[in-house]
file start_9.tsv (TSV, C-alpha atoms)
chain	number	residue	atom	x	y	z
A	1	MET	CA	46.24	85.18	27.28
A	2	GLY	CA	42.75	83.95	26.57
A	3	TYR	CA	41.45	82.46	23.38
A	4	VAL	CA	38.10	80.97	22.42
A	5	ALA	CA	37.35	78.04	20.16
A	6	ILE	CA	35.50	78.85	16.95
A	7	LYS	CA	32.70	76.48	16.02
A	8	GLY	CA	32.34	75.58	12.37
A	9	GLY	CA	35.84	76.86	11.58
A	10	GLU	CA	37.08	73.76	9.74
A	11	SER	CA	35.10	74.43	6.57
A	12	ALA	CA	36.15	78.09	6.64
A	13	ILE	CA	39.82	77.09	6.92
A	14	GLU	CA	39.45	74.66	4.02
A	15	GLY	CA	37.85	77.45	2.02
A	16	ALA	CA	40.74	79.80	2.81
A	17	GLU	CA	43.20	77.18	1.60
A	18	SER	CA	41.29	76.74	-1.64
A	19	VAL	CA	41.31	80.49	-2.25
A	20	LEU	CA	45.08	80.46	-1.71
A	21	GLU	CA	45.43	77.77	-4.36
A	22	PHE	CA	43.27	79.86	-6.68
A	23	LEU	CA	45.55	82.84	-6.09
A	24	ARG	CA	48.45	80.72	-7.33
A	25	SER	CA	46.70	79.11	-10.29
A	26	GLN	CA	44.27	81.79	-11.45
A	27	HIS	CA	46.16	82.32	-14.73
A	28	ALA	CA	46.66	78.63	-15.50
A	29	ASP	CA	45.12	79.14	-18.94
A	30	GLN	CA	48.01	81.47	-19.84
A	31	GLU	CA	50.94	80.18	-17.76
A	32	SER	CA	52.65	76.95	-16.80
A	33	PRO	CA	53.14	76.05	-13.12
A	34	LEU	CA	56.39	77.25	-11.65
A	35	SER	CA	58.62	74.25	-11.06
A	36	ALA	CA	60.73	73.79	-7.95
A	37	SER	CA	63.75	73.44	-10.23
A	38	GLN	CA	63.06	76.87	-11.74
A	39	VAL	CA	62.86	78.39	-8.28
A	40	GLN	CA	66.13	76.76	-7.25
A	41	HIS	CA	68.08	77.78	-10.34
A	42	GLN	CA	66.56	81.13	-11.32
A	43	MET	CA	65.83	82.68	-7.90
A	44	HIS	CA	69.36	82.28	-6.62
A	45	TYR	CA	69.35	84.84	-3.81
A	46	LEU	CA	65.83	84.12	-2.55
A	47	HIS	CA	66.63	80.41	-2.53
A	48	SER	CA	69.84	81.06	-0.58
A	49	GLN	CA	68.01	83.23	1.95
A	50	VAL	CA	65.46	80.52	2.69
A	51	ILE	CA	68.11	77.79	3.04
A	52	SER	CA	70.03	79.95	5.48
A	53	GLU	CA	67.03	80.99	7.61
A	54	GLY	CA	65.47	77.54	7.45
A	55	ALA	CA	68.73	76.09	8.83
A	56	LEU	CA	68.46	73.00	6.65
A	57	TYR	CA	70.63	72.54	3.58
A	58	ASP	CA	68.20	70.88	1.21
A	59	PRO	CA	68.03	72.83	-2.08
A	60	GLU	CA	65.02	70.92	-3.41
A	61	LEU	CA	62.92	71.33	-0.27
A	62	ALA	CA	63.91	75.00	-0.02
A	63	ALA	CA	62.62	75.52	-3.56
A	64	LEU	CA	59.41	73.66	-2.72
A	65	ALA	CA	58.97	75.83	0.38
A	66	ILE	CA	59.26	79.00	-1.72
A	67	LYS	CA	56.72	77.71	-4.22
A	68	GLN	CA	54.30	76.51	-1.54
A	69	SER	CA	54.52	79.79	0.39
A	70	LEU	CA	53.93	81.84	-2.77
A	71	GLY	CA	57.33	83.45	-2.44
A	72	ASP	CA	57.08	84.52	1.21
A	73	PRO	CA	60.65	83.91	2.51
A	74	LEU	CA	59.62	83.91	6.18
A	75	GLU	CA	56.86	81.37	5.62
A	76	ALA	CA	59.20	79.30	3.45
A	77	ALA	CA	61.88	79.30	6.16
A	78	PHE	CA	59.20	78.28	8.67
A	79	LEU	CA	58.24	75.31	6.48
A	80	LEU	CA	61.86	74.24	6.11
A	81	ARG	CA	62.62	74.56	9.81
A	82	ALA	CA	59.45	72.68	10.78
A	83	HIS	CA	60.47	69.82	8.47
A	84	ARG	CA	63.97	69.90	9.94
A	85	SER	CA	62.57	69.32	13.42
A	86	THR	CA	61.11	65.98	12.28
A	87	ARG	CA	64.38	64.59	10.90
A	88	PRO	CA	66.55	62.29	13.04
A	89	ARG	CA	70.12	63.33	13.71
A	90	VAL	CA	72.25	60.62	12.16
A	91	MET	CA	75.73	61.85	13.06
A	92	GLU	CA	77.90	64.87	13.78
A	93	THR	CA	80.91	66.02	11.82
A	94	GLU	CA	84.18	67.48	12.96
A	95	PRO	CA	84.61	71.25	12.42
A	96	HIS	CA	85.25	72.02	8.77
A	97	ASP	CA	88.15	74.12	7.48
A	98	THR	CA	86.71	76.72	5.10
A	99	SER	CA	90.08	77.32	3.45
A	100	GLY	CA	89.05	74.45	1.18
A	101	LEU	CA	86.10	76.33	-0.32
A	102	ARG	CA	85.61	75.83	-4.04
A	103	LEU	CA	85.28	79.55	-4.66
A	104	ILE	CA	82.86	81.23	-7.03
A	105	ARG	CA	83.46	84.70	-5.59
A	106	ARG	CA	86.21	86.19	-3.43
A	107	ILE	CA	86.92	89.86	-2.72
A	108	SER	CA	88.85	91.95	-0.22
A	109	ALA	CA	88.15	95.57	0.63
A	110	ALA	CA	91.34	95.77	2.69
A	111	PHE	CA	93.89	95.18	-0.10
A	112	LYS	CA	93.82	95.72	-3.85
A	113	ASP	CA	96.23	92.86	-4.47
A	114	VAL	CA	95.77	89.76	-2.32
A	115	PRO	CA	97.39	86.32	-2.65
A	116	GLY	CA	95.27	84.37	-5.11
A	117	GLY	CA	93.75	87.53	-6.58
A	118	GLN	CA	90.31	89.07	-6.42
A	119	SER	CA	87.46	87.17	-8.08
A	120	LEU	CA	84.29	89.18	-8.65
A	121	GLY	CA	82.17	86.17	-9.50
A	122	PRO	CA	78.37	86.42	-9.76
A	123	THR	CA	77.24	89.77	-8.35
A	124	PRO	CA	75.11	92.79	-9.27
A	125	ASP	CA	77.42	95.08	-7.24
A	126	TYR	CA	79.05	96.74	-10.23
A	127	THR	CA	76.02	97.17	-12.50
A	128	HIS	CA	73.58	100.04	-12.79
A	129	ARG	CA	70.27	99.50	-10.99
A	130	LEU	CA	68.30	99.84	-14.19
A	131	PHE	CA	65.51	97.61	-15.44
A	132	ARG	CA	66.34	95.12	-18.16
A	133	PHE	CA	63.04	95.42	-19.95
A	134	GLU	CA	64.00	92.70	-22.42
A	135	LEU	CA	63.42	90.17	-19.64
A	136	LEU	CA	59.69	90.91	-19.85
A	137	GLU	CA	59.61	89.27	-23.26
A	138	GLU	CA	62.32	86.66	-22.69
A	139	ASP	CA	61.51	83.45	-24.53
A	140	ASP	CA	63.06	80.00	-24.45
A	141	GLN	CA	65.42	80.76	-27.32
A	142	ALA	CA	66.74	83.95	-25.75
A	143	PHE	CA	67.15	82.14	-22.44
A	144	LYS	CA	69.20	79.37	-24.06
A	145	GLU	CA	71.27	81.92	-25.94
A	146	GLN	CA	72.44	83.37	-22.61
A	147	LEU	CA	73.79	79.94	-21.68
A	148	ASN	CA	75.48	79.43	-25.05
A	149	GLN	CA	77.24	82.80	-24.82
A	150	TRP	CA	78.57	81.94	-21.38
A	151	LEU	CA	79.77	78.49	-22.41
A	152	SER	CA	81.59	79.89	-25.44
A	153	LEU	CA	83.32	82.44	-23.20
A	154	VAL	CA	84.40	79.82	-20.68
A	155	ALA	CA	85.75	77.60	-23.45
A	156	GLU	CA	88.37	80.26	-24.19
A	157	LEU	CA	89.62	80.40	-20.59
A	158	ASP	CA	92.42	78.35	-19.07
A	159	VAL	CA	90.32	76.97	-16.24
A	160	GLU	CA	92.79	74.22	-15.38
A	161	SER	CA	95.45	76.71	-14.29
A	162	ALA	CA	93.17	78.33	-11.72
A	163	PRO	CA	94.24	77.58	-8.12
A	164	SER	CA	92.08	75.07	-6.28
A	165	SER	CA	92.38	77.10	-3.08
A	166	VAL	CA	93.78	80.48	-2.03
A	167	PRO	CA	95.24	81.66	1.27
A	168	LYS	CA	93.11	83.75	3.60
A	169	VAL	CA	93.74	87.43	4.07
A	170	ILE	CA	93.55	87.12	7.86
A	171	ASP	CA	96.38	84.57	7.75
A	172	PHE	CA	98.52	87.21	6.05
A	173	LEU	CA	97.56	89.76	8.72
A	174	ARG	CA	98.45	87.30	11.47
A	175	GLN	CA	101.84	86.66	9.88
A	176	GLN	CA	102.45	90.42	10.06
A	177	GLY	CA	101.47	90.50	13.74
A	178	LEU	CA	98.42	92.67	13.01
A	179	LEU	CA	95.84	90.17	14.32
A	180	ALA	CA	95.82	88.10	17.47
A	181	ALA	CA	96.58	84.41	17.08
A	182	PRO	CA	93.48	82.19	16.91
A	183	GLU	CA	92.28	80.76	20.18
A	184	ASN	CA	93.54	77.27	20.91
A	185	SER	CA	90.54	74.93	20.63
A	186	GLY	CA	92.22	72.13	22.56
A	187	GLY	CA	90.40	71.27	25.77
A	188	GLN	CA	87.55	73.68	25.10
A	189	ARG	CA	83.96	72.61	25.42
A	190	PRO	CA	82.21	71.50	22.21
A	191	PRO	CA	80.18	74.01	20.18
A	192	PHE	CA	76.88	75.01	21.75
A	193	ASP	CA	73.87	73.25	20.16
A	194	ILE	CA	71.10	75.85	20.01
A	195	THR	CA	68.56	73.22	18.90
A	196	ARG	CA	69.04	71.02	21.98
A	197	GLN	CA	70.38	73.23	24.77
A	198	PRO	CA	68.40	75.95	26.58
A	199	LEU	CA	69.43	79.52	25.84
A	200	VAL	CA	70.67	80.82	29.17
A	201	PHE	CA	72.62	84.06	29.01
A	202	PRO	CA	75.50	84.69	28.92
A	203	LEU	CA	75.94	82.45	25.89
A	204	PRO	CA	79.29	81.29	24.48
A	205	ARG	CA	80.44	82.70	21.16
A	206	SER	CA	79.61	79.45	19.35
A	207	ALA	CA	75.95	79.87	20.34
A	208	ARG	CA	75.90	83.48	19.21
A	209	LEU	CA	77.36	82.55	15.83
A	210	ALA	CA	74.89	79.67	15.41
A	211	MET	CA	71.90	81.90	16.17
A	212	MET	CA	73.10	84.57	13.76
A	213	ALA	CA	73.76	81.99	11.03
A	214	ARG	CA	70.05	81.15	10.85
A	215	SER	CA	68.78	84.65	11.60
A	216	HIS	CA	66.51	86.72	9.37
A	217	ALA	CA	68.57	88.64	6.81
A	218	GLY	CA	66.68	91.90	7.28
A	219	SER	CA	66.72	91.74	11.07
A	220	ILE	CA	70.44	91.12	11.41
A	221	LEU	CA	71.16	93.79	8.80
A	222	ALA	CA	69.15	96.33	10.81
A	223	MET	CA	71.02	95.47	14.00
A	224	ALA	CA	74.41	95.76	12.27
A	225	TYR	CA	73.36	99.00	10.57
A	226	SER	CA	72.67	100.55	13.96
A	227	SER	CA	76.34	99.97	14.83
A	228	MET	CA	77.49	101.32	11.47
A	229	ARG	CA	75.50	104.53	12.08
A	230	GLY	CA	77.08	105.18	15.44
A	231	TYR	CA	75.05	103.17	17.95
A	232	GLY	CA	78.16	101.08	18.48
A	233	ASP	CA	81.90	101.24	17.85
A	234	VAL	CA	82.27	98.74	14.99
A	235	HIS	CA	83.17	100.40	11.69
A	236	PRO	CA	84.68	97.50	9.79
A	237	THR	CA	86.86	96.79	6.81
A	238	VAL	CA	86.03	93.60	4.95
A	239	ALA	CA	89.29	91.68	5.05
A	240	GLU	CA	87.75	88.95	2.91
A	241	LEU	CA	84.36	87.91	1.62
A	242	ARG	CA	84.16	84.41	0.15
A	243	VAL	CA	81.30	82.57	-1.58
A	244	GLY	CA	81.77	78.99	-2.61
A	245	TYR	CA	81.10	75.32	-2.10
A	246	LEU	CA	82.44	73.70	1.04
A	247	PRO	CA	83.19	69.95	0.87
A	248	VAL	CA	81.28	68.13	3.60
A	249	ARG	CA	83.10	65.29	5.32
A	250	VAL	CA	81.50	62.78	7.66
A	251	PRO	CA	83.07	59.89	9.58
A	252	HIS	CA	83.26	56.72	7.51
A	253	PRO	CA	80.92	54.12	9.05
A	254	ILE	CA	83.69	51.49	9.16
A	255	THR	CA	87.03	53.27	9.40
A	256	GLY	CA	85.86	56.45	11.09
A	257	GLU	CA	88.02	58.49	8.70
A	258	PRO	CA	86.52	61.77	7.40
A	259	THR	CA	84.97	61.02	4.01
A	260	GLU	CA	83.65	63.61	1.55
A	261	VAL	CA	79.96	63.05	0.82
A	262	GLY	CA	79.00	66.25	-0.96
A	263	GLU	CA	79.28	70.02	-0.73
A	264	VAL	CA	77.21	72.99	0.44
A	265	LEU	CA	77.08	76.53	-0.91
A	266	MET	CA	78.03	79.02	1.79
A	267	THR	CA	79.10	82.62	2.35
A	268	GLU	CA	81.91	83.56	4.73
A	269	CYS	CA	83.07	87.00	5.84
A	270	GLU	CA	85.89	88.22	8.05
A	271	VAL	CA	86.04	91.88	9.02
A	272	VAL	CA	88.76	93.77	10.86
A	273	THR	CA	88.01	96.72	13.11
A	274	MET	CA	89.97	99.44	14.90
A	275	PHE	CA	93.00	98.19	16.76
A	276	GLN	CA	92.81	97.54	20.46
A	277	ALA	CA	95.21	96.85	23.28
A	278	GLN	CA	96.04	93.33	24.40
A	279	LYS	CA	96.86	92.26	27.93
A	280	ASP	CA	100.03	90.43	26.94
A	281	GLY	CA	101.21	91.98	23.70
A	282	PRO	CA	101.09	94.90	21.28
A	283	PRO	CA	97.77	96.31	20.00
A	284	VAL	CA	96.13	94.42	17.13
A	285	PHE	CA	93.05	94.73	14.95
A	286	GLY	CA	89.75	93.35	16.19
A	287	LEU	CA	88.23	90.50	14.18
A	288	GLY	CA	84.60	89.65	13.45
A	289	TYR	CA	83.39	86.50	11.71
A	290	GLY	CA	80.26	85.55	9.82
A	291	ALA	CA	79.26	82.43	7.89
A	292	CYS	CA	75.96	81.03	6.70
A	293	PHE	CA	74.40	78.67	4.19
A	294	GLY	CA	73.79	79.94	0.67
A	295	HIS	CA	74.82	83.11	-1.14
A	296	ASN	CA	73.99	85.78	1.45
A	297	GLU	CA	76.64	88.49	1.42
A	298	ALA	CA	74.88	91.28	3.34
A	299	LYS	CA	73.91	88.76	6.02
A	300	ALA	CA	77.46	87.41	6.41
A	301	ILE	CA	78.89	90.93	6.66
A	302	SER	CA	76.23	91.92	9.21
A	303	MET	CA	76.94	88.77	11.20
A	304	ALA	CA	80.66	89.58	11.30
A	305	ILE	CA	79.96	93.14	12.47
A	306	LEU	CA	77.67	91.98	15.27
A	307	ASP	CA	80.11	89.25	16.28
A	308	ARG	CA	82.76	91.93	16.79
A	309	ALA	CA	80.25	94.25	18.50
A	310	MET	CA	79.25	91.60	21.04
A	311	GLN	CA	82.90	90.81	21.70
A	312	ASN	CA	83.41	94.52	22.41
A	313	GLY	CA	80.51	94.36	24.86
A	314	GLU	CA	82.15	91.45	26.65
A	315	GLU	CA	85.55	93.11	26.82
A	316	ASN	CA	84.61	96.72	27.56
A	317	GLY	CA	81.07	96.61	28.92
A	318	ILE	CA	77.81	97.06	27.02
A	319	SER	CA	77.27	100.63	25.79
A	320	HIS	CA	74.95	100.10	22.82
A	321	PRO	CA	72.13	97.68	21.88
A	322	SER	CA	74.26	96.05	19.18
A	323	GLU	CA	76.75	95.01	21.88
A	324	ASP	CA	74.11	93.32	24.03
A	325	PRO	CA	73.87	89.61	23.10
A	326	GLU	CA	70.45	89.17	24.68
A	327	PHE	CA	69.00	92.18	22.85
A	328	VAL	CA	70.53	91.16	19.51
A	329	LEU	CA	70.00	87.41	19.56
A	330	MET	CA	66.43	87.44	20.85
A	331	HIS	CA	65.28	89.78	18.07
A	332	ILE	CA	66.91	88.51	14.88
A	333	ASP	CA	65.23	85.12	14.38
A	334	GLY	CA	62.71	85.62	11.60
A	335	VAL	CA	60.65	82.50	12.31
A	336	GLU	CA	60.23	83.36	15.99
A	337	SER	CA	59.55	87.03	15.27
A	338	MET	CA	57.00	86.23	12.57
A	339	GLY	CA	55.30	83.65	14.78
A	340	PHE	CA	54.80	86.09	17.61
A	341	CYS	CA	53.72	88.89	15.27
A	342	VAL	CA	51.12	86.95	13.28
A	343	HIS	CA	49.66	85.26	16.37
A	344	TYR	CA	47.91	88.60	16.95
A	345	LYS	CA	45.67	87.66	14.02
A	346	MET	CA	44.24	84.80	16.08
A	347	PRO	CA	41.03	85.38	18.09
A	348	HIS	CA	41.64	87.45	21.22
A	349	TYR	CA	37.97	87.92	22.03
A	350	VAL	CA	38.29	87.16	25.74
A	351	THR	CA	41.23	89.46	26.42
A	352	PHE	CA	39.76	92.28	24.34
A	353	GLN	CA	36.39	91.92	26.08
A	354	SER	CA	38.24	92.32	29.38
A	355	ASP	CA	39.90	95.49	28.06
A	356	LEU	CA	36.50	96.82	26.99
A	357	ASP	CA	35.02	96.14	30.43
A	358	ARG	CA	37.86	97.93	32.21
A	359	LEU	CA	37.71	100.91	29.84
A	360	ARG	CA	33.93	101.29	30.25
A	361	ALA	CA	34.25	100.99	34.01
A	362	ALA	CA	36.92	103.71	34.03
A	363	GLN	CA	34.74	105.96	31.85
A	364	ASN	CA	31.78	105.43	34.20
A	365	VAL	CA	33.89	106.37	37.22
A	366	GLN	CA	35.03	109.55	35.51
A	367	HIS	CA	31.46	110.48	34.58
A	368	GLU	CA	30.35	110.01	38.17
call {"tool": "encode", "arguments": {"input": "start_9.tsv", "output": "structure tokens"}}
result
Amino acid sequence: MGYVAIKGGESAIEGAESVLEFLRSQHADQESPLSASQVQHQMHYLHSQVISEGALYDPELAALAIKQSLGDPLEAAFLLRAHRSTRPRVMETEPHDTSGLRLIRRISAAFKDVPGGQSLGPTPDYTHRLFRFELLEEDDQAFKEQLNQWLSLVAELDVESAPSSVPKVIDFLRQQGLLAAPENSGGQRPPFDITRQPLVFPLPRSARLAMMARSHAGSILAMAYSSMRGYGDVHPTVAELRVGYLPVRVPHPITGEPTEVGEVLMTECEVVTMFQAQKDGPPVFGLGYGACFGHNEAKAISMAILDRAMQNGEENGISHPSEDPEFVLMHIDGVESMGFCVHYKMPHYVTFQSDLDRLRAAQNVQHE
């Protein structure tokens, strides 16, 4: 593909950047600048989306990326991922057990009563999609009153009696013989590192899960929706959807023992699908898994559906696009997709001039 250099473009680029800053600050006489802290704490879902797609768990930088990109989640994820590529890798952790999540939300669509109970947590799922017009005039006092009301409500609850962890629904299903036992990880190769190893298909499941974990929320939802609508055989039941904070443990620099250094907000989903035959046992449900940084429920569910769909493609042959790992995985990364799409805005004068020449030549031949 041919491009041409543009002379005198530096001043034009600087001018474009200054206009962008004007777009952000044009009402500075009436408004205060949006702080990164406000973005982080008041744009919960947008902030979670950028952390997940940027593949770097840094809440402050994710908020800065959203502010700098004027709220464009793709551009913000691009900023976060570009910064991530400059950071040295200090160490690697052992796989983490998500049964230790400090839960803020936990639901099951498979059972009404589950061990540990259902916890609706923060969600708009059960509210009417109606505007709250009072938010247009929300002032500092009204904002603080929301906090005070919540704190007074919590003060009446017996928080100490709440369980620190709850069993997983899929463990209950396995005890009943309704799910296959988990694969034995002993002797298996380590998880595929998509940031350091070339993507050569067929990819192992660990690579597929890693690519989906940082995928664009809308893209992976569209792929999963195609399977839900019939372009695939995965029609799932959400065994469990969990949102919470996962303790992060790293090897101690002296003893080597796993030591907790913090926690990350994450969403995890496990879906079960129609039962299938096993080679050496009775039929069991199929299982799909999804997990990603932040509070991203639709993305985690979509990831679990596609995980199961691609497993179906491996086991029974590919019949639909959602079962084809290469088709799915090469089209769900928002940063890559955006990069290729917006590059068409760059000068293509040489290639288009060639197209013009060929078209005019063809028209001349026809006229002759």
call {"tool": "residues_near_point", "arguments": {"input": "start_9.tsv", "point": "(87.2, 66.2, 3.3)", "cutoff": "7 Å", "atoms": "all atoms listed in the file", "output": "list in words"}}
result
Pro247, Val248, Arg249, Pro258, Thr259 and Glu260 of chain A
call {"tool": "atom_distance", "arguments": {"input": "start_9.tsv", "atom1": "CA of Gly334 in chain A", "atom2": "CA of Asp193 in chain A"}}
result
18.7 Å
call {"tool": "closest_atom_pairs", "arguments": {"input": "start_9.tsv", "of": "range 50-91 of chain A", "to": "range 202-223 of chain A", "cutoff": "8 Å", "atoms": "all atoms listed in the file", "output": "CSV"}}
result
residue,atom,partner,partner_atom,distance
A:Ser52,CA,A:Arg214,CA,5.5
A:Glu53,CA,A:Arg214,CA,4.4
A:Gly54,CA,A:Arg214,CA,6.8
A:Ala55,CA,A:Arg214,CA,5.6
call {"tool": "atom_distance", "arguments": {"input": "start_9.tsv", "atom1": "CA of Val234 in chain A", "atom2": "CA of Gly281 in chain A"}}
result
21.9 Å
call {"tool": "residues_around", "arguments": {"input": "start_9.tsv", "residues": "range 292-300 of chain A", "least_positions_apart": "2", "cutoff": "6 Å", "atoms": "only C-alpha atoms", "output": "PyMOL selection string"}}
result
chain A and resi 48+52+213+217+265-267+269+290+302-303
